[in-house]
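Colleague: I'd like to ask you about the structure that follows.
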Amino acid sequence: MKTTGTIQGALAEFDSPQALLDAATQVRKAGYRNWDCHSPFPIHGMDDAMGEKRSPLGWFVSIAAIAGFAVALYFQYWTSAVAYPIIISGKTYFSYMAFFPITFAVTVLFSVLTTVFGLVTLIRHAFHHPVFHSDNFSRASDDGFFVSVMGDDPRFDPKGTLEFLTSIGGRNVELLQEAQG
Amino acid sequence: MSATTIKASDHAAEPLVWGNPQFRDVTQTVSEIVEARQTPLWWWVAISISGALMLNFLVMIAYLFWTGIGIWGNNMPVAWGWPIVNFVFWVGIGHAGTLISAVLFLLRQKWRTSINRFAEAMTIFAVICALIFPGLHLGRIWVAYFMFPIPNQMAMWPNFRSALMWDIFAVGTYFTASFLFWYTGLVPDWATLRDRAKDKWRRIIYGVLAMGWRGGNKQWKHYEVAYLLLAGISTPLVLSVHSVVSTDFATSIQFGWHTTIFPPYFVAGAIFSGFGMVMTLAILARIVYPPVKNYMTITTLERMAKVIMLTGMMVGYAYIMEFFMAWYSGNKYEQFVFINRMTGPYGWAYWIMFSCNVIIPQMFWSQKLRRSVPVLFVASIFVNIGMWFERFVIVMTMHRDFLPSSWGLFKPTFYDIAILAGSFGLFFTLFLLFLRFVPMIAISEVKGVLPQAQVSHHHGSHTGEGER
């Protein structure tokens with residue numbers, strides 16, 4: 001192991017999606033708060049095992065969709081009936097039915113952009129993270145299943161946490177610390 | 001919750017992925033294509049041809065801007081000509097990707113996982129080709145900004161009642177949504193490539209693209225909701241885009257265009273042509289990268305053949321129903337348009353369209369033919385040809401309108417042909433770059449549908465499968 005930086009957390013590997021799911025239940029029951037389960041694909045039922053709340057993304061997107069709808073419709077009304085009113089094919093200035101295709105498109109556009117930028121925000125996008133200090137962790141995007149516990153968790157204790165992770169079936173248990181030099 | 005976590009029990013008969021791969025095998029098979037130090041010779045040959053065509057495209061566009069659209073065959077009465085034919089053709093092809101990634105996702109068709117990345121990439125490249133043509137067709141490129149609602153010194157605003165404005169918003173939104181959907185799906189796979197990277201630059205580039213993905217469930221839970229939302233939002237979008245394209249025609253007063261059947265008819269045709277192009281490209285990818293055959297299995301191709309046959313019949317229904325309505329309406333102009341389509345100067349194009357789109361897909365009633373790769377390949381080429389001719393036939397409706405004195409014929413020029421060929425060059429160049437530098441199969445999604453990815457629950461709160 002590379003040596004001696006601040007200890008930022010602990011990492012343990014598990015053999016299969018099922019083992020990770022079972023371990024998650026154990027870690028939650030042990031009362032840890034700032035921890036995570038890493039897997040190459042989402043595992044069904046993991047949110048329940050970890051006691052995770054449902055993602056709020058749907059609410060953000062609903063609000064964005066309503067905003068997109070309102071902005072598009074108002075903008076078309078304002079340009080066609082207020083700022084530059086001209087009669088085309090005998091239609092009224094505010095011909096809302098003809099405005100609908102664009103209103104729909106802008107609603108979708110707002111929703112899609114909010115989904116993606118909301119996702120980037122919610123996943124706590126960061127290029128540096130303690131888990132990346134582990135060499136073994138590169139397998140989390142291949143075929144490895146990991147539990148990580150962060151050092152700022154109130155129950156975290158370098159020795160105790162490592163023992164706990166081993167006791168619930170973890171392999172290659174290690175502390176996450178910055179490599180020096 | 002998502003495509004990646006649906007239970008494996010519903011179609012137990014045949015595995016989705018052949019060869020019983022482990023998680024590591026999936027990573028290896030897909031990543032090594034991107035990581036290979038040696039670029040295969042066929043790739044250089046292919047990109048030389050497509051790159052030359054693409055350069056020709058750029059030269060032709062430059063010449064077009066310099067000289068004006070008089071270099072094309074467009075003239076009254078056929079003012080639209082090939083640029084609009086090509087636009088509708090490419091937008092149509094661009095429908096399969098999002099259909100596969102969004103609609104089939106909501107319908108829980110797990111077989112989509114092996115082709116969705118591929119099909120979405122194709123969608124994006126086809127829409128890029130499509131977006132170029134209306135711009136070229138403007139004629140006055142220096143006022144292209146009139147297409148967008150930009151405040152200007154004349155205090156003028158676009159006419160939002162126009163189908164052409166609807167088109168800009170629909171296709172522009174479609175491009176953005178398809179691109180973001182594709183990119184979101186790629187994030188976990190960028191992380192895989194980052195983690196496997198041997199040299200620093202690869203690690204930095206893929207690391208930036210992966211946006212710090214670490215596969216934690218605190219990320220996956222948002223990711224899965226985002227994916228579901230994108231699929232839900234994109235589903236009506238797929239159906240709306242070609243409907244809006246059809247209104248370019250249907251909101252005019254031209255006989256043969258002014259019909260309510262156009263939106264569904266165009267959407268069915270778009271899905272039909274998109275699947276044709278996905279089929280062509282999937283078969284080529286299977287030839288050049290044999291390990292991919294275990295993912296894009298013959299059963300996946302067979303399912304695509306079924307979609308092609310179904311949508312081909314929808315298109316055939318529309319062709320026949322147009323005739324019926326022309327007769328039933330009792331309107332002699334409407335009737336003339338359709339008789340003229342079949343027997344007029346462009347009757348040959350009509351029959352090419354009809355044979356390729358309606359008759360040829362009928363052979364897929366036979367399972368033997370559906371599972372024969374050479375047959376599928378030839379049929380998919382015919383679908384591509386037939387759908388180009390469909391748009392040609394529709395646009396050529398203009399050539400004989402109400403006044404016989406204004407009738408005329410359209411003849412493509414060298415520049416029409418060179419620009420169409422050039423757009424294929426752009427499309428294939430982008431696609432070859434995609435094959436070489438981007439994982440062409442969604443690694444994390446495929447892992448999620450493998451049998452060993454399935455788990456059982458024995459913690460009380462969770463009851464029943466499906467959406468929570």
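How things are named: the first chain in the structure tokens is A, the next is B, and so on; residues count from 1 in each chain; ligands count from 1 in the order shown.
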Neighbours of Met398 (chain B) within 10 Å (only C-alpha atoms; same-chain residues fewer than 4 positions away dropped), as number ranges by chain?

Modeller: B: 76-81, 254-257, 337, 393-394, 402, 407-410

Colleague: Would you give me, as a count of residues only, the residues in region 1-175 of chain A that DSSP reads as strand (DSSP E)?

Modeller: 23

Colleague: Name the residues in contact with Ala19 (chain A) at a cut-off of 10 Å, using only C-alpha atoms, excluding same-chain residues fewer than 5 positions from it; report them as a PDB file with C-alpha atoms, in the first residue's frame.

Modeller:
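Wrote it out as selection-v8.pdb, contents follow:
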```pdb
ATOM      1  CA  GLU A  13     -14.669  -5.425  -1.692  1.00  0.00           C
ATOM      2  CA  PHE A  14     -17.498  -7.938  -1.986  1.00  0.00           C
ATOM      3  CA  ALA A  24     -25.401  -2.757   2.604  1.00  0.00           C
ATOM      4  CA  PHE A 145     -18.449  -4.485  -5.812  1.00  0.00           C
ATOM      5  CA  PHE A 146     -17.340  -2.156  -3.039  1.00  0.00           C
ATOM      6  CA  ILE A 168     -19.497  -8.649   7.237  1.00  0.00           C
ATOM      7  CA  GLY A 169     -17.562 -10.516   4.539  1.00  0.00           C
ATOM      8  CA  GLY A 170     -15.443  -7.797   2.963  1.00  0.00           C
TER       9      GLY A 170
ATOM     10  CA  VAL B 455     -30.398 -10.355  -6.881  1.00  0.00           C
TER      11      VAL B 455
END
```

Colleague: Identify all chain A residues at most 6 Å from chain B by counting only C-alpha atoms; ligands do not count. Present them as a ChimeraX atom specification.

Modeller: /A:18,36-39,41-42,44,55,98,101-102,105,109,115,123,125-127,138,141-143

Colleague: Could you pull the residues within 10 Å of region 295-310 of chain B, counting only C-alpha atoms, minus those fewer than 6 positions along the same chain, as a VMD selection string?

Modeller: chain B and resid 14 to 19 26 29 to 30 111 to 115 268 to 269 271 to 276 278 to 279 282 to 283 285 to 286 316 357 to 365 367 to 373 376 379 to 380 383 441 446

Colleague: Counting only C-alpha atoms, which residue out of A:Gly58, A:Pro130, A:Gly118, A:Pro40 sits closest to Ala179 (chain A)?

Modeller: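 For Ala179 (chain A), the nearest of the given residues is A:Pro130.
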
Colleague: Just the alpha helix (DSSP H) stuff from region 186-399 of chain B, please, per backbone DSSP, written as a PyMOL selection string.

Modeller: chain B and resi 186-196+200-210+217-250+262-288+298-329+332-343+347-354+367-370+373-395

Colleague: Write a file of the selected residues as a short mmCIF file (atom, residue, chain, number, x, y, z; two decimals), in the first residue's frame, keeping C-alpha atoms.

Modeller:
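Written file, result_18.cif:
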```cif
data_model
loop_
_atom_site.label_atom_id
_atom_site.label_comp_id
_atom_site.auth_asym_id
_atom_site.auth_seq_id
_atom_site.Cartn_x
_atom_site.Cartn_y
_atom_site.Cartn_z
CA LEU B 186 -22.17 6.96 -21.77
CA VAL B 187 -21.08 8.33 -18.40
CA PRO B 188 -20.59 4.96 -16.61
CA ASP B 189 -18.78 3.63 -19.68
CA TRP B 190 -16.45 6.62 -19.84
CA ALA B 191 -15.63 5.77 -16.22
CA THR B 192 -14.79 2.20 -17.26
CA LEU B 193 -12.41 3.47 -19.92
CA ARG B 194 -10.88 5.95 -17.45
CA ASP B 195 -10.26 3.19 -14.93
CA ARG B 196 -8.67 0.94 -17.54
CA LYS B 200 -2.06 9.75 -18.50
CA TRP B 201 -3.78 11.50 -21.39
CA ARG B 202 -6.35 8.79 -21.85
CA ARG B 203 -7.06 8.91 -18.13
CA ILE B 204 -7.49 12.67 -18.18
CA ILE B 205 -9.68 12.77 -21.29
CA TYR B 206 -11.93 9.89 -20.26
CA GLY B 207 -11.88 11.19 -16.67
CA VAL B 208 -13.24 14.55 -17.76
CA LEU B 209 -15.86 12.87 -19.94
CA ALA B 210 -16.88 10.57 -17.06
CA ASN B 217 -25.42 3.89 -5.33
CA LYS B 218 -25.83 7.50 -4.21
CA GLN B 219 -25.06 8.32 -7.84
CA TRP B 220 -26.93 5.42 -9.42
CA LYS B 221 -30.20 6.30 -7.70
CA HIS B 222 -30.23 9.73 -9.35
CA TYR B 223 -28.88 8.30 -12.56
CA GLU B 224 -31.67 5.77 -12.87
CA VAL B 225 -34.33 8.39 -12.26
CA ALA B 226 -32.65 10.69 -14.78
CA TYR B 227 -32.57 7.88 -17.33
CA LEU B 228 -36.23 7.11 -16.78
CA LEU B 229 -37.13 10.80 -17.06
CA LEU B 230 -35.14 11.19 -20.25
CA ALA B 231 -36.87 8.14 -21.69
CA GLY B 232 -40.27 9.44 -20.65
CA ILE B 233 -39.61 12.89 -22.06
CA SER B 234 -38.09 11.58 -25.28
CA THR B 235 -40.95 9.22 -26.08
CA PRO B 236 -43.49 11.90 -27.02
CA LEU B 237 -40.62 13.84 -28.58
CA VAL B 238 -39.78 11.02 -31.02
CA LEU B 239 -43.39 10.85 -32.09
CA SER B 240 -43.70 14.61 -32.36
CA VAL B 241 -40.60 15.41 -34.40
CA HIS B 242 -41.55 13.70 -37.60
CA SER B 243 -45.15 14.78 -37.10
CA VAL B 244 -43.91 18.35 -37.13
CA VAL B 245 -41.75 17.64 -40.19
CA SER B 246 -44.87 16.32 -41.91
CA THR B 247 -46.68 19.58 -41.17
CA ASP B 248 -44.20 21.35 -43.48
CA PHE B 249 -46.18 19.56 -46.15
CA ALA B 250 -49.57 19.08 -44.51
CA PHE B 262 -49.36 12.78 -42.77
CA PRO B 263 -48.12 12.95 -39.15
CA PRO B 264 -48.66 9.25 -38.24
CA TYR B 265 -47.61 8.19 -41.73
CA PHE B 266 -44.35 10.11 -41.45
CA VAL B 267 -43.64 8.76 -37.97
CA ALA B 268 -44.15 5.16 -39.10
CA GLY B 269 -41.93 5.81 -42.11
CA ALA B 270 -39.26 7.38 -39.93
CA ILE B 271 -39.11 4.40 -37.60
CA PHE B 272 -39.08 2.09 -40.60
CA SER B 273 -36.15 3.88 -42.25
CA GLY B 274 -34.29 4.29 -38.95
CA PHE B 275 -34.45 0.58 -38.23
CA GLY B 276 -33.31 -0.09 -41.78
CA MET B 277 -30.19 2.00 -41.21
CA VAL B 278 -29.52 0.49 -37.75
CA MET B 279 -29.78 -2.94 -39.35
CA THR B 280 -27.31 -2.03 -42.11
CA LEU B 281 -24.79 -0.63 -39.63
CA ALA B 282 -25.25 -3.43 -37.07
CA ILE B 283 -24.54 -6.06 -39.69
CA LEU B 284 -21.43 -4.19 -40.83
CA ALA B 285 -20.26 -3.87 -37.21
CA ARG B 286 -20.76 -7.61 -36.73
CA ILE B 287 -18.57 -8.28 -39.75
CA VAL B 288 -15.70 -6.01 -38.74
CA ILE B 298 -29.14 -12.92 -34.64
CA THR B 299 -32.19 -12.86 -32.37
CA THR B 300 -31.75 -9.11 -31.88
CA LEU B 301 -31.56 -8.69 -35.65
CA GLU B 302 -34.66 -10.83 -36.01
CA ARG B 303 -36.55 -8.59 -33.62
CA MET B 304 -35.48 -5.56 -35.61
CA ALA B 305 -36.71 -7.31 -38.77
CA LYS B 306 -40.09 -7.69 -37.11
CA VAL B 307 -40.20 -3.96 -36.33
CA ILE B 308 -39.24 -3.26 -39.94
CA MET B 309 -42.04 -5.47 -41.21
CA LEU B 310 -44.59 -3.93 -38.86
CA THR B 311 -43.71 -0.33 -39.69
CA GLY B 312 -43.41 -1.27 -43.38
CA MET B 313 -47.00 -2.42 -43.27
CA MET B 314 -48.05 0.82 -41.55
CA VAL B 315 -46.39 2.74 -44.34
CA GLY B 316 -48.09 0.50 -46.92
CA TYR B 317 -51.42 1.15 -45.22
CA ALA B 318 -50.78 4.89 -45.50
CA TYR B 319 -49.92 4.62 -49.21
CA ILE B 320 -53.14 2.74 -49.90
CA MET B 321 -55.28 4.88 -47.63
CA GLU B 322 -54.10 8.03 -49.40
CA PHE B 323 -55.44 6.59 -52.62
CA PHE B 324 -58.68 5.55 -51.02
CA MET B 325 -59.22 9.00 -49.53
CA ALA B 326 -58.46 10.66 -52.84
CA TRP B 327 -61.15 8.56 -54.48
CA TYR B 328 -63.57 8.91 -51.56
CA SER B 329 -63.19 12.67 -51.36
CA LYS B 332 -60.63 15.54 -58.96
CA TYR B 333 -57.41 17.45 -58.17
CA GLU B 334 -56.65 15.14 -55.28
CA GLN B 335 -57.40 12.13 -57.48
CA PHE B 336 -55.21 13.46 -60.24
CA VAL B 337 -52.22 13.84 -57.89
CA PHE B 338 -52.32 10.21 -56.92
CA ILE B 339 -52.94 8.81 -60.39
CA ASN B 340 -50.10 11.03 -61.58
CA ARG B 341 -47.84 9.72 -58.82
CA MET B 342 -48.39 6.20 -60.03
CA THR B 343 -48.43 6.67 -63.78
CA GLY B 347 -44.17 6.79 -61.74
CA TRP B 348 -40.94 4.76 -61.73
CA ALA B 349 -39.97 6.40 -58.44
CA TYR B 350 -43.35 5.55 -56.99
CA TRP B 351 -42.93 1.89 -57.87
CA ILE B 352 -39.39 1.77 -56.47
CA MET B 353 -40.80 3.21 -53.25
CA PHE B 354 -43.72 0.80 -53.16
CA GLN B 367 -38.43 -16.91 -39.80
CA LYS B 368 -35.73 -18.41 -41.97
CA LEU B 369 -35.34 -15.16 -43.89
CA ARG B 370 -35.53 -13.07 -40.71
CA VAL B 373 -27.82 -12.12 -42.20
CA PRO B 374 -27.26 -11.66 -45.97
CA VAL B 375 -31.01 -11.40 -46.56
CA LEU B 376 -31.38 -8.87 -43.72
CA PHE B 377 -28.52 -6.81 -45.08
CA VAL B 378 -29.90 -6.64 -48.62
CA ALA B 379 -33.39 -5.92 -47.32
CA SER B 380 -32.11 -3.10 -45.09
CA ILE B 381 -30.39 -1.49 -48.08
CA PHE B 382 -33.65 -1.67 -50.00
CA VAL B 383 -35.44 -0.04 -47.07
CA ASN B 384 -32.94 2.82 -47.13
CA ILE B 385 -33.39 3.26 -50.88
CA GLY B 386 -37.16 2.95 -50.68
CA MET B 387 -37.46 5.57 -47.96
CA TRP B 388 -35.32 8.05 -49.86
CA PHE B 389 -37.64 7.56 -52.83
CA GLU B 390 -40.69 7.99 -50.63
CA ARG B 391 -39.57 11.52 -49.80
CA PHE B 392 -38.67 12.11 -53.44
CA VAL B 393 -42.17 11.03 -54.51
CA ILE B 394 -43.77 13.28 -51.91
CA VAL B 395 -41.74 16.34 -52.85
#
```

Colleague: Could you tell me how far CA of Ala36 (chain B) sits from CA of Asp199 (chain B), in Å to one decimal place?

Modeller: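 According to the coordinates, CA of Asp199 (chain B) and CA of Ala36 (chain B) are separated by 13.0 Å.
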
Colleague: Between A:Ala140, A:Ser80, A:Leu165, A:His133, which residue has the minimum interatomic distance to Ile7 (chain A), considering only C-alpha atoms?

Modeller: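 Under the stated criterion, the closest residue is A:His133.
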
Colleague: CA of Asp15 (chain A) and CA of Asn136 (chain A) are how many Å apart?

Modeller: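 Atom-to-atom, CA of Asp15 (chain A) to CA of Asn136 (chain A), that is 13.4 Å.
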
Colleague: So, counting only C-alpha atoms, which residue among A:Glu52, A:Asp47, A:Asp135, A:Asp22 is closest to Asn172 (chain A)?

Modeller: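 Once distances to Asn172 (chain A) are computed over only C-alpha atoms, the minimum belongs to A:Asp135.
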